[in-house]
Amino acid sequence: MSRPYDPRAIEQKWQSVWEDEGLDTVVEDGSRPKKYVLEMFPYPSGDIHMGHVRNYSIGDVVARFSAMRGYNVLHPIGWDAFGLPAENAAIKSRTHPAEWTYTNIEKQWSSFRRMGFSYDPARIVRSCDVEYYRWGQWIFLKLWERDLVERKSSPVNWCPSCKTVLANEQVIGEGVCWRCSSVVEKRELEQWYFKITRYAQELLDDLETLEGWPDRVKTMQANWIGRSEGAEVDFALCDAAGEPTGSTITVFTTRPDTLFGCTFFLLAPEHPLVAELTVGTPYEAGVQAVVATAARETAVERASGEAEKVGAFTGRHVVNPVNGERIPVWVSNYVLMDYGTGAVMAVPCGDQRDFEFARAYGLPIPPVVVPDDDPLLEELRDARERVKADVEWAEAYDGYGVMVQSGAFTGMRGGKASEGMKAVTEWLAERGTGRFAVNFRLRDWLISRQRYWGNPIPAVHCPSCGLVPVPEDQLPVVLPMDVDITKGETLADHPGFYETTCPSCQGSARRETDTMDTFTCSSWYYFRYCDARNTDAIWDPAKAGHWMPVDQYIGGIEHAILHLLYSRFFTKVFADMGLTSAREPFTNLLTQGMVKKDGETMSKSKGNAVAPEDMIARFGADALRVFILFMAPPDKDLEWNQEGLEGMFRFLGRLWRYVSDVAAQSATGTDPDRAAARTLLRERHRVVGKVTGDIEHFGLNTALAAMMELLNAASDHRRMAGDARDTALEREVAETLTLLIAPYAPHMSEELWRDILGHEVSVHRQPWPVFDPALAAADEVEIVVQVNGKVRGRVTVSADADERVVREAALALPKVLEHLEGLAVRKVVVVPGKLISIVATPQ
């Protein structure tokens, strides 16, 4: 009798053997096709959770399957190790962030080994290692050289809890911090930016090339980049007496065809002109009240259109360039400095927010684009001048229609991309007061943070020379380890760090004390994996050229904008620098679903987390892997069910017993049952074909279901054929099952392959089983027979029977004849291999 399946006895054993054999180490090999499989690297926040188990199990199946299919597979791991959580945890535990971080990295690496993940240990990177972040500083300098770095003062997002600024992409939901959910404030600060907007059009255009990405992710990125076509329009600014000053304020609009309906002008509360226009005037107090109101609101609230719209007149006017009308300049909370120029031409008849503001403050709403079916059109069709200063509409109309009260453009079609839009823009361009323009919602990436545990920005502030980059030969700027964050210290409190000399004039200078956003570390790590131990260069372009782009990337949908967009930006910059030929980092992307329990996402804070280490101790890593891959398709949410885990443990036990029993048997000496053998052989080829196709298309759960079907068929053959079973075929099926399960249950399959079946070379170095579609085809098929839509029987025919034979067999069934009595057959529809539908009516 075979020994029982005991994961505790085999899993640690094979982990040690694989490490000694260097099984997971990979080098470039031009004789085989490459495949780069990568899961997003984790943050070392403590013990691994079930989300980690799911994400990395998916990737490990793809990596191991690809290796058995003949690919040279790069499958690395590392840690995204800088960031605020380490600071907060260190403060709470009164330790140093480095100690907390490295302890957790070791803990997670131990768990990953216990899970049997096939990571190349020689390529591990940790973003808090000086050997890694020095190259992050090098990237900063290279972007600076290419004029892609800027330090400027502007309104920024400030998290009062994290005590640092946030990029726009890190303000989520109802205007809260992406990490701590505190309401984000606006502050005027001088900060560092990467000019990602220089690549806005390419980032948008190249989404079309990402055929292996989910449409949902591409749509999210396209919406965030937010390309709008329209016009820039210059409005002449008037002085307090109403006379033009010679200065202009430029706005961007997607609807220049509505300019004749512009009856007031709006500035964002943060616009630099607001104070200049109102200081010392009777209007200053009212305007400052609006500024204060806007400061208390989030950008999301202000942009939503749902918040109360408040405004104040500045006492100034601008000149509408299409009709010479002087229109009042107001300040309002619903105008954002982040979009366009921070100034808006308000057309209340065509924009709902402007409409509501005009109604609230008694401003005119003249109609300028009227729908074809509006009775007002007959009244105004030929009106070139304004004869109707207000409209009785209940809401604004922003669709297509006929332009009215619009001078020479009256009668043209209005609307986005309309003839009127084009004609008005051309008219403005001829007079030098406007031009065709494209605007993007995307803003430059704010990368500076007022925290300690991050990558220092390699810049020096010199009183004589200004901002000076740290020379490359002085990198890295090392993060000091003697900062006491438990007392709230940052680099700005550490003279030993910030006191320095200017690299240009050698005079006294101050080192930059902000650190870089952690997303700067995670936007290029996949390149470093290609050449992780290079001390002379960020990587060898030849090695990056061999491996990049990543063939399969796996991670959460929550990274659709932040990490994935930034990584695409970095890759395009690297390509322009000649460091890579790839302009996109990830060819295929899978966004895996969440792991839930009782309908809620697993979380320690919610008290519904299940510890992977506990499950490994009870059932083994292989059972946990198989369970988490079987319970749902990879891109769908998974509901935790411990009974399901127990069921997977039993399945692996059945497979273990079958392979062990077959390996121990000898030939029976009886001629095998050919019919039974043919049935098992057919099932073997069918299942291999299905598992292969399913894994290729991420049907990881259905592939497991097919393996269970083969195990059932093999067990049935063994039981029913008795001494007439085909032992050679059983050996083939046992080996096939072991190979098929290997990517899912690497430890058990290795034990079966080497110790039970007696092979010398690892199961993970074996070729994937092949299948013959001809052998997988069934000899006979059972087809459902319907009479007038109801199932009346089933008929078994040869798989290659023609339609005439199938029809005759169906019509000869006794049950079918019984239900056709007194009816005339009008039609017989044959769906090959599936259905026969008979339509009959009374004679």
# chains A, B, ... in the order shown; residues from 1 in each chain; ligands from 1

$ residues_around --residues "Met577 of chain A" --least-positions-apart "2" --cutoff "12 Å" --atoms "only C-alpha atoms" --output "list in words"
Ile139, Lys142, Leu143, Glu145, Arg146, Pro541, Phe570, Thr571, Lys572, Val573, Phe574, Ala575, Leu579, Thr580, Ser581, Ala582 and Arg583 of chain A

$ residues_around --residues "segment 793-808 of chain A" --least-positions-apart "6" --cutoff "9 Å" --atoms "only C-alpha atoms" --output "PDB file with N, CA, C and O atoms, in the first residue's frame"
ATOM      1  N   ALA A 777     -10.746  12.725 -30.331  1.00  0.00           N
ATOM      2  CA  ALA A 777     -12.110  12.734 -30.865  1.00  0.00           C
ATOM      3  C   ALA A 777     -12.874  11.490 -30.407  1.00  0.00           C
ATOM      4  O   ALA A 777     -12.338  10.379 -30.385  1.00  0.00           O
ATOM      5  N   ALA A 778     -14.130  11.675 -30.051  1.00  0.00           N
ATOM      6  CA  ALA A 778     -14.971  10.565 -29.598  1.00  0.00           C
ATOM      7  C   ALA A 778     -15.368   9.681 -30.772  1.00  0.00           C
ATOM      8  O   ALA A 778     -15.592  10.160 -31.886  1.00  0.00           O
ATOM      9  N   ASP A 779     -15.480   8.337 -30.546  1.00  0.00           N
ATOM     10  CA  ASP A 779     -15.969   7.421 -31.574  1.00  0.00           C
ATOM     11  C   ASP A 779     -17.463   7.607 -31.784  1.00  0.00           C
ATOM     12  O   ASP A 779     -17.964   7.531 -32.908  1.00  0.00           O
ATOM     13  N   GLU A 780     -18.165   7.821 -30.694  1.00  0.00           N
ATOM     14  CA  GLU A 780     -19.609   7.998 -30.759  1.00  0.00           C
ATOM     15  C   GLU A 780     -20.015   9.223 -29.951  1.00  0.00           C
ATOM     16  O   GLU A 780     -19.314   9.625 -29.027  1.00  0.00           O
ATOM     17  N   VAL A 781     -21.147   9.796 -30.331  1.00  0.00           N
ATOM     18  CA  VAL A 781     -21.668  10.934 -29.586  1.00  0.00           C
ATOM     19  C   VAL A 781     -23.137  10.691 -29.273  1.00  0.00           C
ATOM     20  O   VAL A 781     -23.856  10.032 -30.033  1.00  0.00           O
ATOM     21  N   GLU A 782     -23.560  11.217 -28.128  1.00  0.00           N
ATOM     22  CA  GLU A 782     -24.961  11.149 -27.743  1.00  0.00           C
ATOM     23  C   GLU A 782     -25.615  12.490 -28.039  1.00  0.00           C
ATOM     24  O   GLU A 782     -25.129  13.527 -27.583  1.00  0.00           O
ATOM     25  N   ILE A 783     -26.700  12.471 -28.790  1.00  0.00           N
ATOM     26  CA  ILE A 783     -27.339  13.706 -29.239  1.00  0.00           C
ATOM     27  C   ILE A 783     -28.763  13.774 -28.692  1.00  0.00           C
ATOM     28  O   ILE A 783     -29.527  12.792 -28.748  1.00  0.00           O
ATOM     29  N   VAL A 784     -29.105  14.937 -28.172  1.00  0.00           N
ATOM     30  CA  VAL A 784     -30.446  15.184 -27.648  1.00  0.00           C
ATOM     31  C   VAL A 784     -31.425  15.342 -28.810  1.00  0.00           C
ATOM     32  O   VAL A 784     -31.116  15.989 -29.813  1.00  0.00           O
ATOM     33  N   VAL A 785     -32.616  14.736 -28.639  1.00  0.00           N
ATOM     34  CA  VAL A 785     -33.660  14.840 -29.668  1.00  0.00           C
ATOM     35  C   VAL A 785     -34.857  15.588 -29.075  1.00  0.00           C
ATOM     36  O   VAL A 785     -35.388  15.194 -28.036  1.00  0.00           O
ATOM     37  N   GLN A 786     -35.271  16.661 -29.746  1.00  0.00           N
ATOM     38  CA  GLN A 786     -36.425  17.444 -29.313  1.00  0.00           C
ATOM     39  C   GLN A 786     -37.554  17.312 -30.334  1.00  0.00           C
ATOM     40  O   GLN A 786     -37.299  17.238 -31.543  1.00  0.00           O
ATOM     41  N   PRO A 814     -38.434   5.108 -30.391  1.00  0.00           N
ATOM     42  CA  PRO A 814     -39.823   4.830 -29.989  1.00  0.00           C
ATOM     43  C   PRO A 814     -40.500   6.026 -29.319  1.00  0.00           C
ATOM     44  O   PRO A 814     -41.654   6.333 -29.600  1.00  0.00           O
ATOM     45  N   LYS A 815     -39.803   6.703 -28.426  1.00  0.00           N
ATOM     46  CA  LYS A 815     -40.399   7.844 -27.735  1.00  0.00           C
ATOM     47  C   LYS A 815     -40.726   8.972 -28.703  1.00  0.00           C
ATOM     48  O   LYS A 815     -41.726   9.675 -28.556  1.00  0.00           O
ATOM     49  N   VAL A 816     -39.860   9.145 -29.711  1.00  0.00           N
ATOM     50  CA  VAL A 816     -40.096  10.195 -30.705  1.00  0.00           C
ATOM     51  C   VAL A 816     -41.308   9.828 -31.548  1.00  0.00           C
ATOM     52  O   VAL A 816     -42.176  10.659 -31.821  1.00  0.00           O
ATOM     53  N   VAL A 828     -36.670  19.138 -39.822  1.00  0.00           N
ATOM     54  CA  VAL A 828     -35.731  18.493 -38.906  1.00  0.00           C
ATOM     55  C   VAL A 828     -34.409  19.270 -38.979  1.00  0.00           C
ATOM     56  O   VAL A 828     -33.786  19.330 -40.038  1.00  0.00           O
ATOM     57  N   VAL A 829     -34.064  19.882 -37.846  1.00  0.00           N
ATOM     58  CA  VAL A 829     -32.818  20.663 -37.785  1.00  0.00           C
ATOM     59  C   VAL A 829     -31.790  19.868 -37.002  1.00  0.00           C
ATOM     60  O   VAL A 829     -32.047  19.450 -35.875  1.00  0.00           O
ATOM     61  N   VAL A 830     -30.617  19.662 -37.616  1.00  0.00           N
ATOM     62  CA  VAL A 830     -29.540  18.909 -36.978  1.00  0.00           C
ATOM     63  C   VAL A 830     -28.384  19.852 -36.647  1.00  0.00           C
ATOM     64  O   VAL A 830     -27.832  20.488 -37.548  1.00  0.00           O
ATOM     65  N   PRO A 832     -24.832  19.460 -35.500  1.00  0.00           N
ATOM     66  CA  PRO A 832     -23.909  18.327 -35.415  1.00  0.00           C
ATOM     67  C   PRO A 832     -23.333  18.116 -34.022  1.00  0.00           C
ATOM     68  O   PRO A 832     -22.830  19.038 -33.392  1.00  0.00           O
ATOM     69  N   GLY A 833     -23.471  16.875 -33.539  1.00  0.00           N
ATOM     70  CA  GLY A 833     -22.900  16.482 -32.270  1.00  0.00           C
ATOM     71  C   GLY A 833     -23.635  16.977 -31.050  1.00  0.00           C
ATOM     72  O   GLY A 833     -23.253  16.656 -29.926  1.00  0.00           O
ATOM     73  N   ILE A 836     -30.876  17.484 -32.181  1.00  0.00           N
ATOM     74  CA  ILE A 836     -31.769  17.272 -33.323  1.00  0.00           C
ATOM     75  C   ILE A 836     -33.118  17.859 -32.913  1.00  0.00           C
ATOM     76  O   ILE A 836     -33.706  17.447 -31.903  1.00  0.00           O
TER      77      ILE A 836
END

$ atom_distance --atom1 "atom CA of Gly593 of chain A" --atom2 "atom CA of Leu652 of chain A"
24.7 Å

$ closest_residue --among "A:Leu166, A:Met516, A:Ile561, A:Ala537" --to "Leu442 of chain A" --atoms "only C-alpha atoms"
A:Ile561

$ atom_distance --atom1 "atom CA of Thr25 of chain A" --atom2 "atom CA of Ser127 of chain A"
21.1 Å

$ select_by_dssp --residues "segment 524-558 of chain A" --states "strand (DSSP E or B)" --output "number ranges by chain"
A: 550-555

$ select_by_dssp --residues "segment 711-779 of chain A" --states "alpha helix (DSSP H)" --output "PyMOL selection string"
chain A and resi 711-721+727-741+746-750+773-776

$ residues_around --residues "Asn72 of chain A" --least-positions-apart "6" --cutoff "10 Å" --atoms "only C-alpha atoms" --output "list in words"
Val26, Val27, Glu28, Asp29, Gly30, Ser31, Arg32, Pro33, Lys34, Lys35, Tyr36, Ala63, Ser66 and Trp547 of chain A

$ closest_residue --among "A:Ser118, A:Gln201, A:Asn223, A:Thr341" --to "Ala268 of chain A" --atoms "only C-alpha atoms"
A:Thr341

$ atom_distance --atom1 "atom CA of Glu325 of chain A" --atom2 "atom CA of Glu419 of chain A"
23.7 Å

$ closest_residue --among "A:Ala89, A:Cys162, A:Ala389, A:Val478" --to "Gly136 of chain A" --atoms "only C-alpha atoms"
A:Val478

$ residues_around --residues "Glu732 of chain A" --least-positions-apart "6" --cutoff "10 Å" --atoms "only C-alpha atoms" --output "PDB file with C-alpha atoms, in the first residue's frame"
ATOM      1  CA  VAL A 662       0.190   2.723 -10.703  1.00  0.00           C
ATOM      2  CA  LEU A 681      -6.552   7.054 -24.147  1.00  0.00           C
ATOM      3  CA  ARG A 684      -6.065  11.471 -21.833  1.00  0.00           C
ATOM      4  CA  THR A 738       1.784  14.472 -12.708  1.00  0.00           C
TER       5      THR A 738
END

$ closest_residue --among "A:Ala231, A:Val331, A:Val791, A:Val468" --to "Cys505 of chain A" --atoms "only C-alpha atoms"
A:Val468

$ residues_around --residues "Gln191 of chain A" --least-positions-apart "6" --cutoff "7 Å" --atoms "only C-alpha atoms" --output "list in words"
Arg151, Lys152, Ser153 and Ser448 of chain A
